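Colleague: Here you go, this is my_file14.tsv (TSV, C-alpha atoms and all ligand atoms).
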```tsv
chain	number	residue	atom	x	y	z
A	453	MET	CA	-35.60	-54.68	269.97
A	454	PRO	CA	-36.74	-54.77	266.32
A	455	GLU	CA	-34.28	-56.46	264.01
A	456	GLN	CA	-33.11	-54.65	260.90
A	457	ALA	CA	-35.21	-56.70	258.53
A	458	ALA	CA	-38.35	-55.90	260.49
A	459	LEU	CA	-37.94	-52.34	259.31
A	460	GLU	CA	-38.06	-53.52	255.71
A	461	ALA	CA	-40.48	-56.45	255.84
A	462	ASP	CA	-44.23	-56.18	256.26
A	463	ALA	CA	-44.50	-59.55	258.01
A	464	PRO	CA	-43.65	-59.78	261.71
A	465	ILE	CA	-40.00	-60.74	261.93
A	466	VAL	CA	-39.22	-64.25	263.07
A	467	ALA	CA	-35.51	-64.42	262.28
A	468	ASP	CA	-33.15	-62.00	260.59
A	469	PHE	CA	-30.47	-64.20	259.06
A	470	THR	CA	-28.95	-61.37	257.00
A	471	ARG	CA	-26.50	-59.80	259.41
A	472	SER	CA	-23.45	-61.39	260.99
A	473	ILE	CA	-23.73	-59.77	264.40
A	474	PRO	CA	-22.37	-62.16	267.03
A	475	PRO	CA	-24.76	-63.55	269.62
A	476	THR	CA	-24.63	-61.63	272.90
A	477	PRO	CA	-23.52	-63.99	275.69
A	478	PRO	CA	-25.49	-63.82	278.97
A	479	ILE	CA	-22.36	-62.58	280.81
A	480	PHE	CA	-21.94	-59.62	278.43
A	481	ARG	CA	-24.20	-57.06	280.11
A	482	ALA	CA	-22.79	-57.60	283.59
A	483	ARG	CA	-19.21	-57.41	282.32
A	484	LEU	CA	-19.88	-54.21	280.37
A	485	SER	CA	-21.70	-52.55	283.31
A	486	ALA	CA	-18.83	-53.41	285.65
A	487	SER	CA	-16.21	-52.06	283.24
A	488	LEU	CA	-18.16	-48.85	282.62
A	489	SER	CA	-18.52	-48.33	286.39
A	490	GLU	CA	-14.80	-48.84	286.86
A	491	LEU	CA	-14.08	-46.39	284.09
A	492	ALA	CA	-16.52	-43.89	285.61
A	493	ALA	CA	-14.64	-44.12	288.92
A	494	ASN	CA	-11.31	-43.44	287.24
A	495	PRO	CA	-10.12	-39.95	288.30
A	496	HIS	CA	-8.45	-39.57	284.88
A	497	LEU	CA	-11.57	-40.36	282.86
A	498	ASP	CA	-11.83	-36.83	281.49
A	499	MET	CA	-8.23	-37.02	280.31
A	500	LEU	CA	-8.96	-40.31	278.58
A	501	VAL	CA	-11.50	-38.65	276.30
A	502	ARG	CA	-9.39	-35.51	275.83
A	503	THR	CA	-6.70	-37.44	274.08
A	504	SER	CA	-6.59	-39.91	271.26
A	505	ALA	CA	-3.58	-41.98	270.39
A	506	SER	CA	-3.15	-42.83	266.75
A	507	GLY	CA	-2.37	-46.52	266.50
A	508	GLY	CA	-3.36	-46.94	270.16
A	509	THR	CA	-1.47	-46.24	273.39
A	510	PRO	CA	1.40	-48.55	274.39
A	511	SER	CA	-1.01	-50.52	276.62
A	512	ASP	CA	-3.53	-50.81	273.76
A	513	GLN	CA	-0.76	-52.15	271.57
A	514	GLU	CA	0.33	-54.58	274.25
A	515	ALA	CA	-3.28	-55.81	274.53
A	516	GLY	CA	-3.50	-56.13	270.74
A	517	LEU	CA	-0.36	-58.25	270.63
A	518	LYS	CA	-1.77	-60.43	273.40
A	519	TRP	CA	-5.02	-60.89	271.43
A	520	LEU	CA	-3.12	-61.85	268.29
A	521	GLU	CA	-0.72	-64.19	270.09
A	522	PRO	CA	-2.73	-67.43	269.68
A	523	LYS	CA	-2.67	-66.81	265.92
A	524	LEU	CA	0.62	-65.04	265.25
A	525	GLY	CA	2.78	-66.06	268.19
A	526	ASP	CA	4.61	-63.73	270.55
A	527	GLN	CA	7.32	-62.47	268.21
A	528	ILE	CA	5.53	-59.47	266.64
A	529	ALA	CA	7.79	-56.46	267.19
A	530	THR	CA	6.25	-53.32	268.64
A	531	GLY	CA	5.58	-50.98	265.75
A	532	ARG	CA	4.60	-53.82	263.43
A	533	MET	CA	1.11	-53.88	264.90
A	534	THR	CA	-1.30	-50.97	265.07
A	535	VAL	CA	-4.77	-50.49	266.56
A	536	THR	CA	-7.46	-49.22	264.19
A	537	ASN	CA	-11.17	-48.41	264.34
A	538	GLY	CA	-12.18	-51.57	262.51
A	539	THR	CA	-11.54	-53.84	259.57
A	540	GLN	CA	-13.37	-51.77	256.96
A	541	GLY	CA	-11.26	-48.66	257.56
A	542	ALA	CA	-8.09	-50.73	257.80
A	543	VAL	CA	-8.78	-52.51	254.51
A	544	LEU	CA	-9.61	-49.21	252.80
A	545	LEU	CA	-6.26	-47.81	253.89
A	546	LEU	CA	-4.43	-50.97	252.83
A	547	LEU	CA	-6.06	-50.95	249.39
A	548	GLU	CA	-5.11	-47.31	248.87
A	549	ALA	CA	-1.54	-47.97	249.93
A	550	LEU	CA	-0.88	-51.42	248.47
A	551	VAL	CA	-3.06	-51.48	245.36
A	552	GLY	CA	-3.49	-47.81	244.46
A	553	GLN	CA	-5.71	-46.09	241.90
A	554	ASN	CA	-6.73	-48.42	239.11
A	555	GLY	CA	-4.50	-51.21	240.46
A	556	LEU	CA	-5.89	-54.73	240.55
A	557	LEU	CA	-6.98	-56.54	243.71
A	558	LEU	CA	-7.70	-60.26	243.55
A	559	THR	CA	-10.01	-62.00	245.98
A	560	GLU	CA	-12.32	-64.99	246.38
A	561	ALA	CA	-15.09	-64.85	243.72
A	562	LEU	CA	-17.61	-64.54	246.54
A	563	SER	CA	-16.50	-62.46	249.45
A	564	TRP	CA	-17.38	-60.10	252.28
A	565	GLY	CA	-20.31	-57.93	251.18
A	566	ALA	CA	-18.50	-54.70	252.07
A	567	LEU	CA	-15.42	-55.40	249.96
A	568	ARG	CA	-16.83	-54.20	246.64
A	569	GLU	CA	-17.79	-50.84	248.11
A	570	ILE	CA	-14.46	-50.47	249.93
A	571	GLY	CA	-12.68	-51.24	246.63
A	572	ARG	CA	-14.81	-48.67	244.82
A	573	ARG	CA	-13.85	-46.03	247.37
A	574	ALA	CA	-10.17	-46.91	247.06
A	575	HIS	CA	-10.55	-46.70	243.24
A	576	VAL	CA	-9.11	-50.16	242.75
A	577	ARG	CA	-10.27	-52.81	240.31
A	578	ILE	CA	-11.37	-56.13	241.84
A	579	LYS	CA	-11.32	-59.53	240.20
A	580	GLY	CA	-12.79	-62.63	241.84
A	581	LEU	CA	-10.92	-65.93	241.72
A	582	PRO	CA	-12.60	-69.32	241.48
A	583	ILE	CA	-12.85	-71.17	244.78
A	584	ASP	CA	-13.47	-74.75	245.83
A	585	ASP	CA	-14.19	-76.27	249.24
A	586	ASP	CA	-10.62	-75.44	250.23
A	587	GLY	CA	-10.74	-71.77	249.21
A	588	ILE	CA	-8.90	-70.05	246.35
A	589	ILE	CA	-7.76	-72.45	243.61
A	590	PRO	CA	-3.96	-72.08	243.33
A	591	ASP	CA	-3.78	-72.57	239.53
A	592	ALA	CA	-6.34	-69.83	238.99
A	593	PHE	CA	-4.44	-67.54	241.37
A	594	GLU	CA	-1.17	-68.23	239.58
A	595	ALA	CA	-2.69	-67.59	236.14
A	596	ALA	CA	-4.16	-64.29	237.36
A	597	CYS	CA	-0.82	-63.25	238.90
A	598	ARG	CA	1.01	-64.06	235.66
A	599	ASP	CA	-1.50	-62.52	233.22
A	600	LEU	CA	-3.08	-59.64	235.11
A	601	ARG	CA	-0.30	-58.34	237.36
A	602	PRO	CA	-2.37	-57.74	240.50
A	603	LYS	CA	-0.94	-55.74	243.36
A	604	ALA	CA	-2.61	-57.59	246.20
A	605	LEU	CA	-4.84	-60.48	247.23
A	606	TYR	CA	-7.55	-59.97	249.87
A	607	CYS	CA	-8.62	-63.24	251.41
A	608	ASN	CA	-10.54	-64.72	254.25
A	609	PRO	CA	-8.93	-68.14	254.80
A	610	THR	CA	-10.79	-69.12	257.98
A	611	ASP	CA	-14.55	-69.58	257.79
A	612	GLN	CA	-14.74	-67.66	254.57
A	613	ASN	CA	-17.58	-65.20	254.21
A	614	PRO	CA	-19.93	-66.45	252.72
A	615	THR	CA	-18.92	-70.02	251.83
A	616	THR	CA	-17.49	-71.10	255.24
A	617	ALA	CA	-14.41	-72.61	253.52
A	618	ILE	CA	-11.44	-73.10	255.81
A	619	MET	CA	-8.28	-73.16	253.73
A	620	SER	CA	-6.05	-76.13	254.52
A	621	GLU	CA	-2.47	-75.52	255.57
A	622	THR	CA	-1.24	-76.90	252.24
A	623	ARG	CA	-3.45	-74.49	250.33
A	624	ARG	CA	-2.30	-71.57	252.50
A	625	ARG	CA	1.31	-72.44	251.72
A	626	GLN	CA	0.57	-72.71	247.98
A	627	ILE	CA	-1.17	-69.34	247.93
A	628	ALA	CA	1.66	-67.71	249.91
A	629	GLU	CA	4.29	-69.23	247.60
A	630	ILE	CA	2.58	-67.95	244.45
A	631	ALA	CA	2.03	-64.50	245.95
A	632	ARG	CA	5.68	-64.25	246.97
A	633	HIS	CA	6.87	-65.40	243.55
A	634	TYR	CA	4.84	-62.70	241.76
A	635	GLY	CA	5.41	-59.94	244.31
A	636	VAL	CA	1.74	-59.80	245.33
A	637	ALA	CA	0.89	-58.56	248.84
A	638	ILE	CA	-1.65	-60.55	250.85
A	639	ILE	CA	-4.30	-58.91	253.01
A	640	GLU	CA	-5.55	-61.63	255.33
A	641	ASP	CA	-8.82	-60.80	257.07
A	642	ASP	CA	-9.13	-63.14	260.05
A	643	ALA	CA	-12.41	-61.72	261.39
A	644	LEU	CA	-13.62	-65.16	262.46
A	645	GLY	CA	-10.27	-66.75	263.25
A	646	ARG	CA	-10.64	-66.55	267.04
A	647	LEU	CA	-13.91	-68.48	266.77
A	648	HIS	CA	-12.09	-71.37	265.10
A	649	PRO	CA	-9.05	-71.96	267.31
A	650	GLY	CA	-8.31	-75.30	265.64
A	651	SER	CA	-8.02	-73.84	262.12
A	652	PRO	CA	-4.63	-73.91	260.36
A	653	ALA	CA	-2.12	-71.18	261.17
A	654	PRO	CA	-2.80	-67.87	259.39
A	655	ILE	CA	-1.03	-67.11	256.11
A	656	ALA	CA	0.56	-64.26	258.06
A	657	SER	CA	2.45	-66.76	260.18
A	658	ILE	CA	3.46	-68.83	257.13
A	659	ALA	CA	4.50	-65.82	255.04
A	660	PRO	CA	4.88	-62.83	257.38
A	661	ASP	CA	7.13	-61.04	254.86
A	662	ILE	CA	4.28	-60.42	252.39
A	663	THR	CA	1.14	-60.52	254.53
A	664	TRP	CA	-0.94	-57.84	256.18
A	665	TYR	CA	-2.95	-59.48	258.92
A	666	VAL	CA	-6.21	-57.87	260.10
A	667	MET	CA	-8.20	-59.14	263.05
A	668	GLY	CA	-11.24	-57.18	264.22
A	669	LEU	CA	-13.23	-57.57	267.43
A	670	THR	CA	-16.63	-57.23	265.72
A	671	LYS	CA	-17.29	-60.97	265.45
A	672	CYS	CA	-15.43	-62.42	268.39
A	673	VAL	CA	-16.23	-59.83	271.09
A	674	ALA	CA	-18.94	-57.31	270.09
A	675	GLN	CA	-19.92	-55.35	267.02
A	676	GLY	CA	-20.11	-52.12	269.06
A	677	LEU	CA	-16.54	-52.63	270.31
A	678	ARG	CA	-15.34	-52.57	266.73
A	679	LEU	CA	-11.57	-52.28	266.68
A	680	ALA	CA	-9.15	-54.08	264.41
A	681	TYR	CA	-5.54	-54.99	265.04
A	682	VAL	CA	-3.38	-54.79	261.94
A	683	ALA	CA	0.04	-56.42	261.70
A	684	GLY	CA	2.18	-55.55	258.69
A	685	PRO	CA	5.14	-57.50	257.31
A	686	SER	CA	7.72	-55.36	259.16
A	687	VAL	CA	7.94	-52.30	261.38
A	688	ALA	CA	9.10	-50.26	258.38
A	689	ASP	CA	6.22	-51.46	256.16
A	690	THR	CA	3.65	-50.78	258.85
A	691	GLN	CA	5.01	-47.31	259.51
A	692	ARG	CA	5.23	-46.51	255.77
A	693	VAL	CA	1.62	-47.52	255.13
A	694	ILE	CA	-0.05	-46.46	258.36
A	695	GLY	CA	2.22	-43.52	259.21
A	696	PRO	CA	0.65	-40.94	256.86
A	697	ALA	CA	-2.83	-41.73	258.23
A	698	HIS	CA	-1.70	-40.84	261.75
A	699	LYS	CA	-2.40	-37.19	260.97
A	700	LEU	CA	-6.09	-37.99	260.48
A	701	SER	CA	-8.12	-37.95	263.67
A	702	PHE	CA	-10.69	-40.48	262.39
A	703	TRP	CA	-7.88	-42.99	262.14
A	704	ALA	CA	-7.12	-42.87	265.88
A	705	PRO	CA	-9.03	-45.64	267.65
A	706	ASN	CA	-11.90	-44.38	269.78
A	707	PRO	CA	-10.41	-44.00	273.29
A	708	LEU	CA	-13.41	-45.31	275.26
A	709	THR	CA	-13.81	-48.36	273.03
A	710	THR	CA	-10.10	-49.02	273.16
A	711	ALA	CA	-10.02	-48.59	276.95
A	712	ILE	CA	-12.67	-51.31	277.33
A	713	ALA	CA	-11.07	-53.65	274.79
A	714	THR	CA	-7.63	-53.26	276.36
A	715	ARG	CA	-9.00	-53.92	279.82
A	716	TRP	CA	-11.00	-56.94	278.61
A	717	ILE	CA	-8.07	-58.49	276.81
A	718	GLY	CA	-5.85	-57.93	279.83
A	719	ASP	CA	-8.22	-59.41	282.44
A	720	GLY	CA	-9.50	-62.32	280.31
A	721	THR	CA	-13.02	-60.95	279.76
A	722	ALA	CA	-12.53	-60.80	275.97
A	723	GLU	CA	-11.46	-64.43	275.94
A	724	GLU	CA	-14.43	-65.38	278.11
A	725	ILE	CA	-16.87	-63.58	275.79
A	726	CYS	CA	-15.23	-65.07	272.72
A	727	THR	CA	-15.57	-68.56	274.23
A	728	ALA	CA	-19.24	-67.94	274.98
A	729	ILE	CA	-19.84	-66.70	271.39
A	730	ARG	CA	-18.07	-69.81	270.11
A	731	HIS	CA	-20.28	-72.02	272.29
A	732	GLU	CA	-23.51	-70.36	271.15
A	733	SER	CA	-22.40	-70.41	267.50
A	734	LYS	CA	-21.75	-74.13	267.80
A	735	LYS	CA	-25.28	-74.74	269.12
A	736	ARG	CA	-26.83	-72.66	266.34
A	737	GLU	CA	-24.79	-74.34	263.64
A	738	GLU	CA	-25.80	-77.77	264.98
A	739	LEU	CA	-29.44	-76.68	264.75
A	740	ALA	CA	-28.96	-75.63	261.11
A	741	SER	CA	-27.15	-78.85	260.20
A	742	SER	CA	-29.89	-80.93	261.74
A	743	LEU	CA	-32.97	-78.98	260.59
A	744	LEU	CA	-31.64	-78.52	257.04
A	745	SER	CA	-30.04	-81.95	256.83
A	746	GLY	CA	-31.77	-82.83	253.57
A	747	ALA	CA	-30.40	-79.71	251.85
A	748	ASP	CA	-27.03	-79.03	250.20
A	749	LEU	CA	-25.71	-77.11	253.18
A	750	VAL	CA	-22.07	-76.02	253.32
A	751	SER	CA	-21.03	-75.40	256.89
A	752	LYS	CA	-18.37	-75.86	259.53
A	753	PRO	CA	-18.77	-76.76	263.20
A	754	GLY	CA	-19.30	-73.49	265.06
A	755	ALA	CA	-19.68	-71.36	261.91
A	756	MET	CA	-21.65	-68.15	262.48
A	757	HIS	CA	-23.09	-68.38	258.96
A	758	VAL	CA	-23.91	-71.26	256.64
A	759	TRP	CA	-24.05	-71.43	252.85
A	760	LEU	CA	-27.07	-73.10	251.32
A	761	ARG	CA	-26.70	-74.35	247.75
A	762	LEU	CA	-30.03	-74.63	246.01
A	763	PRO	CA	-31.14	-77.05	243.29
A	764	PRO	CA	-31.56	-75.48	239.80
A	765	GLU	CA	-35.36	-75.61	240.00
A	766	GLN	CA	-35.33	-73.49	243.18
A	767	ASP	CA	-35.04	-69.83	242.24
A	768	ARG	CA	-33.06	-68.10	245.02
A	769	HIS	CA	-34.80	-64.74	244.56
A	770	GLN	CA	-38.22	-66.37	244.87
A	771	LEU	CA	-37.02	-68.15	247.98
A	772	VAL	CA	-35.72	-64.88	249.48
A	773	ALA	CA	-39.04	-63.15	248.70
A	774	SER	CA	-41.28	-65.95	249.98
A	775	LEU	CA	-39.26	-66.27	253.19
A	776	LYS	CA	-39.44	-62.53	253.71
A	777	ASP	CA	-43.26	-62.81	253.62
A	778	LYS	CA	-42.96	-65.35	256.42
A	779	GLY	CA	-40.69	-63.10	258.51
A	780	VAL	CA	-37.36	-64.74	257.66
A	781	ALA	CA	-34.62	-62.67	256.04
A	782	ILE	CA	-31.71	-64.26	254.15
A	783	ARG	CA	-29.16	-63.03	251.58
A	784	PRO	CA	-28.84	-64.27	247.99
A	785	ALA	CA	-25.40	-65.00	246.51
A	786	GLU	CA	-25.36	-61.71	244.52
A	787	LEU	CA	-24.65	-59.74	247.70
A	788	PHE	CA	-21.25	-61.43	247.95
A	789	ALA	CA	-20.18	-61.01	244.32
A	790	VAL	CA	-17.02	-58.95	243.92
A	791	ASP	CA	-17.32	-58.48	240.15
A	792	ASP	CA	-19.86	-59.21	237.43
A	793	THR	CA	-19.11	-62.94	237.14
A	794	PRO	CA	-22.36	-64.96	237.48
A	795	VAL	CA	-22.93	-66.30	240.98
A	796	PRO	CA	-24.00	-69.81	242.04
A	797	ASN	CA	-27.59	-70.55	242.98
A	798	ALA	CA	-27.06	-70.19	246.73
A	799	VAL	CA	-28.00	-68.13	249.75
A	800	ARG	CA	-26.24	-67.27	253.02
A	801	LEU	CA	-27.89	-67.68	256.40
A	802	SER	CA	-26.25	-65.77	259.23
A	803	LEU	CA	-27.26	-67.72	262.28
A	804	SER	CA	-25.73	-65.30	264.72
A	805	SER	CA	-27.86	-62.18	264.73
A	806	PRO	CA	-31.24	-63.37	266.11
A	807	LEU	CA	-31.15	-62.48	269.80
A	808	ASP	CA	-32.57	-65.78	270.90
A	809	ARG	CA	-31.71	-69.31	269.79
A	810	SER	CA	-35.43	-70.14	269.68
A	811	HIS	CA	-35.81	-67.59	266.87
A	812	VAL	CA	-33.00	-69.31	265.00
A	813	GLU	CA	-34.86	-72.59	265.33
A	814	GLN	CA	-38.19	-71.10	264.21
A	815	GLY	CA	-36.55	-69.43	261.23
A	816	LEU	CA	-34.76	-72.63	260.22
A	817	ARG	CA	-38.02	-74.60	260.45
A	818	ILE	CA	-39.67	-72.08	258.11
A	819	ILE	CA	-36.76	-72.45	255.66
A	820	ALA	CA	-36.94	-76.26	255.89
A	821	ALA	CA	-40.66	-76.13	255.12
A	822	ALA	CA	-40.10	-73.76	252.17
A	823	LEU	CA	-37.52	-76.20	250.78
A	824	LYS	CA	-39.91	-79.12	251.43
A	825	LEU	CA	-37.26	-80.94	253.47
B	901	LIG	C1	-15.03	-60.89	256.38
B	901	LIG	C2	-15.35	-59.81	257.37
B	901	LIG	N1	-14.36	-59.03	257.83
B	901	LIG	C3	-14.60	-58.05	258.73
B	901	LIG	C4	-15.87	-57.80	259.20
B	901	LIG	C5	-16.08	-56.75	260.25
B	901	LIG	O1	-15.59	-55.51	259.86
B	901	LIG	P1	-15.42	-54.35	260.96
B	901	LIG	O2	-14.22	-54.71	261.79
B	901	LIG	O3	-15.20	-53.10	260.15
B	901	LIG	O4	-16.67	-54.31	261.76
B	901	LIG	C6	-16.94	-58.57	258.73
B	901	LIG	C7	-18.30	-58.26	259.18
B	901	LIG	O5	-19.28	-58.48	258.53
B	901	LIG	C8	-16.66	-59.60	257.80
B	901	LIG	O6	-17.64	-60.39	257.35
```
Can you dump the structure from the file as structure tokens?

Modeller:
Amino acid sequence: MPEQAALEADAPIVADFTRSIPPTPPIFRARLSASLSELAANPHLDMLVRTSASGGTPSDQEAGLKWLEPKLGDQIATGRMTVTNGTQGAVLLLLEALVGQNGLLLTEALSWGALREIGRRAHVRIKGLPIDDDGIIPDAFEAACRDLRPKALYCNPTDQNPTTAIMSETRRRQIAEIARHYGVAIIEDDALGRLHPGSPAPIASIAPDITWYVMGLTKCVAQGLRLAYVAGPSVADTQRVIGPAHKLSFWAPNPLTTAIATRWIGDGTAEEICTAIRHESKKREELASSLLSGADLVSKPGAMHVWLRLPPEQDRHQLVASLKDKGVAIRPAELFAVDDTPVPNAVRLSLSSPLDRSHVEQGLRIIAAALKL
């Protein structure tokens, strides 16, 4: 199957390191075929696609709570958690509700590539905060809260996209404390959290009263089974924010996708797939750390992407262009900027999307040669 970058590049594609699609574990196809056959044999299949349940059916919600349990514990009240069609839609809704037109959203200075566009659609202003190896710098966050009166903070504390930072527990507590003091809501996107089971507890478990927790299945199960579970601070908050959207059919999670996800969470398949993705990500990250060992590589064990800081004499755009000619696609730092603040001289390599690990290795060898490592 041609990779996305092959459509844009003239050179034959060796490795597309631009997209963070999780690797497909060998067990995936067999599990999906079996589940589709079981669904096909279900005498109520036609009814399943005749109905759609906004926020998910009770069994979808039960599955969602089970999926969130390793991160949030088992005390999330029914009605506090809702099932959505994915993180992007959930964050759009949260920005509209929590930040509002022309309100200010703070976030990491470099963040998820989609955030700027989601913010534009929600008509919110976005300001990036300086980050270090531990994530958002508390003093900078506090100064912004005091001087700029933001409504919310969007953050990605575990395996931050793109810098791979994993916020320490101390830092999470500091950020939560400041946010609570200034009445700022936190939107915590834990897209990669299930792939890092040893990471500190989510901000949502430290400060559940002010945090909206979003965990999608795109990275830890499959991009095409995109659902996101959203847990608000309380049942009342969740219903106030999500309730009005229940009238919109596009908000109701796709019933076939949800049926598979619910089944897979219930019977352990989702966990099995997530473990296999974690295993493959670990192997790929080890390859990157070893083949690019002479470079200024920022990474974490098992990270699906790595952040490569370049020396001043290495122009990142030239590197992107020359690698593209050799069939290797990577993303320059600009694609992660949330505002017009200058970006560091760095690039992101998503190790996860090449179908085969051998392509990851070939691509990394080409990058190592380009950097004269
Ligand atoms: C930080 C972050 N959150 C969420 C997602 C996935 O969003 P969705 O659930 O809409 O597929 C991604 C995918 O690139 C991401 O990088």

Colleague: Produce a table with one row for each residue of segment 697-748 of chain A that has an atom at most 8 Å from any atom of segment 636-660 of chain A, each row naming the nearest atom pair and its distance in Å at one decimal; use only C-alpha atoms; arrange rows by chain and rising residue number; format as a tab-separated table.

Modeller:
```
residue	atom	partner	partner_atom	distance
A:Cys726	CA	A:Leu647	CA	7.0
A:Thr727	CA	A:Leu647	CA	7.6
A:Ile729	CA	A:Leu647	CA	7.7
A:Arg730	CA	A:Leu647	CA	5.5
```

Colleague: Around ligand LIG 901 (chain B), out to 9 Å and counting all atoms listed in the file, which residues are there? I want them as a PDB file with C-alpha atoms, in the frame of the given file.

Modeller:
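Saved result, part-v2.pdb, follows:
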```pdb
ATOM      1  CA  ARG A 471     -26.500 -59.800 259.410  1.00  0.00           C
ATOM      2  CA  SER A 472     -23.450 -61.390 260.990  1.00  0.00           C
ATOM      3  CA  ILE A 473     -23.730 -59.770 264.400  1.00  0.00           C
ATOM      4  CA  ASN A 537     -11.170 -48.410 264.340  1.00  0.00           C
ATOM      5  CA  GLY A 538     -12.180 -51.570 262.510  1.00  0.00           C
ATOM      6  CA  THR A 539     -11.540 -53.840 259.570  1.00  0.00           C
ATOM      7  CA  GLN A 540     -13.370 -51.770 256.960  1.00  0.00           C
ATOM      8  CA  GLY A 541     -11.260 -48.660 257.560  1.00  0.00           C
ATOM      9  CA  ALA A 542      -8.090 -50.730 257.800  1.00  0.00           C
ATOM     10  CA  VAL A 543      -8.780 -52.510 254.510  1.00  0.00           C
ATOM     11  CA  SER A 563     -16.500 -62.460 249.450  1.00  0.00           C
ATOM     12  CA  TRP A 564     -17.380 -60.100 252.280  1.00  0.00           C
ATOM     13  CA  GLY A 565     -20.310 -57.930 251.180  1.00  0.00           C
ATOM     14  CA  ALA A 566     -18.500 -54.700 252.070  1.00  0.00           C
ATOM     15  CA  LEU A 567     -15.420 -55.400 249.960  1.00  0.00           C
ATOM     16  CA  CYS A 607      -8.620 -63.240 251.410  1.00  0.00           C
ATOM     17  CA  ASN A 608     -10.540 -64.720 254.250  1.00  0.00           C
ATOM     18  CA  ASP A 611     -14.550 -69.580 257.790  1.00  0.00           C
ATOM     19  CA  GLN A 612     -14.740 -67.660 254.570  1.00  0.00           C
ATOM     20  CA  ASN A 613     -17.580 -65.200 254.210  1.00  0.00           C
ATOM     21  CA  PRO A 614     -19.930 -66.450 252.720  1.00  0.00           C
ATOM     22  CA  ASP A 641      -8.820 -60.800 257.070  1.00  0.00           C
ATOM     23  CA  ASP A 642      -9.130 -63.140 260.050  1.00  0.00           C
ATOM     24  CA  ALA A 643     -12.410 -61.720 261.390  1.00  0.00           C
ATOM     25  CA  LEU A 644     -13.620 -65.160 262.460  1.00  0.00           C
ATOM     26  CA  VAL A 666      -6.210 -57.870 260.100  1.00  0.00           C
ATOM     27  CA  MET A 667      -8.200 -59.140 263.050  1.00  0.00           C
ATOM     28  CA  GLY A 668     -11.240 -57.180 264.220  1.00  0.00           C
ATOM     29  CA  LEU A 669     -13.230 -57.570 267.430  1.00  0.00           C
ATOM     30  CA  THR A 670     -16.630 -57.230 265.720  1.00  0.00           C
ATOM     31  CA  LYS A 671     -17.290 -60.970 265.450  1.00  0.00           C
ATOM     32  CA  GLN A 675     -19.920 -55.350 267.020  1.00  0.00           C
ATOM     33  CA  GLY A 676     -20.110 -52.120 269.060  1.00  0.00           C
ATOM     34  CA  LEU A 677     -16.540 -52.630 270.310  1.00  0.00           C
ATOM     35  CA  ARG A 678     -15.340 -52.570 266.730  1.00  0.00           C
ATOM     36  CA  LEU A 679     -11.570 -52.280 266.680  1.00  0.00           C
ATOM     37  CA  ALA A 680      -9.150 -54.080 264.410  1.00  0.00           C
TER      38      ALA A 680
END
```

Colleague: Per residue of segment 536-642 of chain A within 12 Å of segment 740-764 of chain A, which atom pair is closest and at what distance in Å (one decimal), using all atoms listed in the file, listed by chain and increasing number, as CSV?

Modeller:
```
residue,atom,partner,partner_atom,distance
A:Leu562,CA,A:Trp759,CA,11.3
A:Asp584,CA,A:Val750,CA,11.5
A:Asp585,CA,A:Val750,CA,8.9
A:Asp586,CA,A:Val750,CA,11.9
A:Thr610,CA,A:Ala755,CA,10.0
A:Asp611,CA,A:Ala755,CA,6.8
A:Gln612,CA,A:His757,CA,9.5
A:Asn613,CA,A:His757,CA,7.9
A:Pro614,CA,A:Trp759,CA,6.5
A:Thr615,CA,A:Trp759,CA,5.4
A:Thr616,CA,A:Ser751,CA,5.8
A:Ala617,CA,A:Lys752,CA,7.9
A:Ile618,CA,A:Lys752,CA,8.3
A:Met619,CA,A:Lys752,CA,11.9
```

Colleague: Expressed in Å to a single decimal, how great is the separation between atom CA of Ser701 of chain A and atom CA of Asp498 of chain A?

Modeller: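 It comes out at 18.2 Å.
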
Colleague: What does the distance from atom CA of Val535 of chain A to atom CA of Phe702 of chain A come to in Å, to one decimal?

Modeller: 12.4 Å

Colleague: Just want the 12 Å neighbourhood of segment 766-771 of chain A, counted on all atoms listed in the file, with same-chain residues fewer than 4 positions away dropped. Output as a VMD selection string.

Modeller: chain A and resid 747 760 to 762 775 to 778 780 to 787 795 to 800 818 to 824

Colleague: Write out as a PyMOL selection string each polymer residue whose atoms come within 12 Å of Ile589 of chain A, counting all atoms listed in the file; drop sequence neighbours fewer than 2 positions from it.

Modeller: chain A and resi 559-561+580-587+591-596+617+619-620+622-624+626-627+630

Colleague: Output C-alpha atoms for every residue in the selection just made, as a CSV table (one decimal), keeping the file's coordinate frame.

Modeller:
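Result file out_38.csv:
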```csv
chain,number,residue,atom,x,y,z
A,559,THR,CA,-10.0,-62.0,246.0
A,560,GLU,CA,-12.3,-65.0,246.4
A,561,ALA,CA,-15.1,-64.8,243.7
A,580,GLY,CA,-12.8,-62.6,241.8
A,581,LEU,CA,-10.9,-65.9,241.7
A,582,PRO,CA,-12.6,-69.3,241.5
A,583,ILE,CA,-12.8,-71.2,244.8
A,584,ASP,CA,-13.5,-74.8,245.8
A,585,ASP,CA,-14.2,-76.3,249.2
A,586,ASP,CA,-10.6,-75.4,250.2
A,587,GLY,CA,-10.7,-71.8,249.2
A,591,ASP,CA,-3.8,-72.6,239.5
A,592,ALA,CA,-6.3,-69.8,239.0
A,593,PHE,CA,-4.4,-67.5,241.4
A,594,GLU,CA,-1.2,-68.2,239.6
A,595,ALA,CA,-2.7,-67.6,236.1
A,596,ALA,CA,-4.2,-64.3,237.4
A,617,ALA,CA,-14.4,-72.6,253.5
A,619,MET,CA,-8.3,-73.2,253.7
A,620,SER,CA,-6.0,-76.1,254.5
A,622,THR,CA,-1.2,-76.9,252.2
A,623,ARG,CA,-3.4,-74.5,250.3
A,624,ARG,CA,-2.3,-71.6,252.5
A,626,GLN,CA,0.6,-72.7,248.0
A,627,ILE,CA,-1.2,-69.3,247.9
A,630,ILE,CA,2.6,-68.0,244.4
```
